[in-house]
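Quick notes on the structure that follows.
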Amino acid sequence: MSSPSTQMRDEVVALLPRLRRFARTLTRDRSDADDVVQIAVERALVRHDQWRPGSRLDSWLFGIVRNAWIDEVRARSRRSAVFAPEEAGEHIGNPATDEDFDMRAIRNALFELPEEQRCVVSLVLIEGLSYQEAADALEIPIGTVTSRLARGRATLQTQLAQELAP
Amino acid sequence: MKIDEEILMAYADGELDTAARTTVEAALLEDPALAARVAAHRTLREQMRSAFASELDEPVPSQLLAAARGEPKITVARLDDARKRVHADPRTNWSWPQWSAMAASVVFGVVIGQFTLRAPADDFYSSESGAIVAAGQLDHALTAALANDGSDHVNIGISFRDRAGVYCRSFARLGEVSVTGLACRDGNTWRVDILERGATQAEMGPGFRTAGSMVSPAVAAVIAARAEGDMLDRDAELAARERGWQ
């Protein structure tokens, strides 16, 4: 079995912050997210020859992160099934300003979406994947990406219209 | 073409082909309500991006870097493994008094280096009646941080209780020169029992970053000798922190 090239490893290293961020939105827990990324990185490097050169490495890795979450970590997640919203200052410094408050409201609104919608919203709106790239990463039809994204967005907009400072 | 919400969303996301885009743009000129919907979709994207921007600035845990680079996994994952290794390898199966003497000489070297070479800038240790006590950022990390949470300066590796029920935590200080060690709670301070100087960045070569949760074989041996029970998991750490590590 061949081993992944140094260049590929370097690219994976460079993508780690984004993989962690995506995993954070998926798992809603810092430790779970890092477990998921660890598993995903190990899997990706074992199956490195399954990545098609010329396609986006990040999309491919996001898909592996999502599968690692579903296959291995979700069942033993530290986070209970009912999401507990982030507290003030957990990720954003105190004292809380209006802007910090808004940021937290936005984060919590995403965390409260159903997982399938959250996953698509995270890939497209946060990670900047195209609909087709998100569909490839998640191995679902593009129409499914579009409908999940539309539903997720509608919920977020309704939620945030109530919570954000005008 | 019927301009529904999904079309507006796809337009805002730059997903439409030229023909569809032209149709939508003509409709937007005629209907300010549609234009407002497009603006709302773009605003939401901006909000999402900025609310999750801070994640990108966080330091990546050393385990993940090691996994991506294909480096061997962190030395000690579980205390049981550490114990097995210690007992399997007679060279590391030292009794504590021998260890203590060795550790003292290591501490001496490191501390002299710290205090003479970069004395004013360093606020990691202080000396109290012959013992080394954690100060500044080290004291803060030992008291407040959870294991392997990722920090710019100090990473906590393993937390456990010794036979007397005292909390001890291994730490790694990252920087030009890596330092690993073990500190145990002593009243309201952390007594530093072991300090071990690791390789410098220069010695390790470019591109190599010190493993943050690295526990050196020496520190692992001491942990194995002193620990009672398993390492603390996250919940146990949270509970211990809540009680001020008493």
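Lettering and numbering for the structure tokens are positional, with chains as A, B, ... in the shown order, residues counted from 1 in each chain, and ligands counted from 1 in the shown order.
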Any idea what's packed within 8 Å of Leu65 (chain B), counting only C-alpha atoms, ignoring anything in its chain fewer than 4 positions away? Could you give it as a compact mmCIF listing (two decimals) with N, CA and C atoms, in the first residue's frame?
```
# COMPACT_ATOMS: atom_id res chain seq x y z
N VAL A 13 -2.92 19.14 6.93
CA VAL A 13 -2.57 19.94 8.10
C VAL A 13 -3.17 21.34 7.97
N LEU A 16 -6.83 21.49 8.79
CA LEU A 16 -7.32 21.07 10.11
C LEU A 16 -8.22 22.09 10.81
N VAL B 60 -4.46 24.22 16.88
CA VAL B 60 -4.90 22.85 16.60
C VAL B 60 -4.22 21.91 17.60
N PRO B 61 -4.99 21.04 18.24
CA PRO B 61 -4.37 20.12 19.20
C PRO B 61 -3.27 19.27 18.56
N ARG B 69 0.22 14.30 10.10
CA ARG B 69 1.61 14.14 9.63
C ARG B 69 2.07 12.70 9.70
```
* To do: Excluding Ala35 (chain B) and any residue of its chain fewer than 6 positions from it, enumerate the residues within 9 Å of it, using only C-alpha atoms, and give them as a count of residues only.
  => 5
* Test item: chain B residues at most 12 Å from chain A, counting only C-alpha atoms, as a PyMOL selection string -> chain B and resi 4-16+37+39-73+146-150+207-209+233-235
* Asked: Can you tell me, as a VMD selection string, what residues are no more than 12 Å from Gln50 (chain A) when counting only C-alpha atoms, ignoring any on the same chain fewer than 4 positions away?
  -> chain A and resid 2 4 43 to 46 55 57 60 to 61 64
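For the pair CA of Asp29 (chain A) and CA of Phe111 (chain A), the interatomic distance is 10.2 Å.
The interatomic distance for the pair CA of Ala240 (chain B) and CA of Thr27 (chain A) works out to 25.2 Å.
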* Counting only C-alpha atoms, what is within 6 Å of Gln117 (chain A), bar same-chain residues fewer than 2 positions away, as number ranges by chain? -> A: 114-115, 119-120, 148, 152
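Remark: for Phe101 (chain A), the closest of the candidate residues A:Val36, A:Leu164, A:Val65, A:Leu129 is A:Leu164 (distances computed over only C-alpha atoms).
One distance worth recording is that between CA of Leu232 (chain B) and CA of Thr143 (chain B), which is 14.4 Å.
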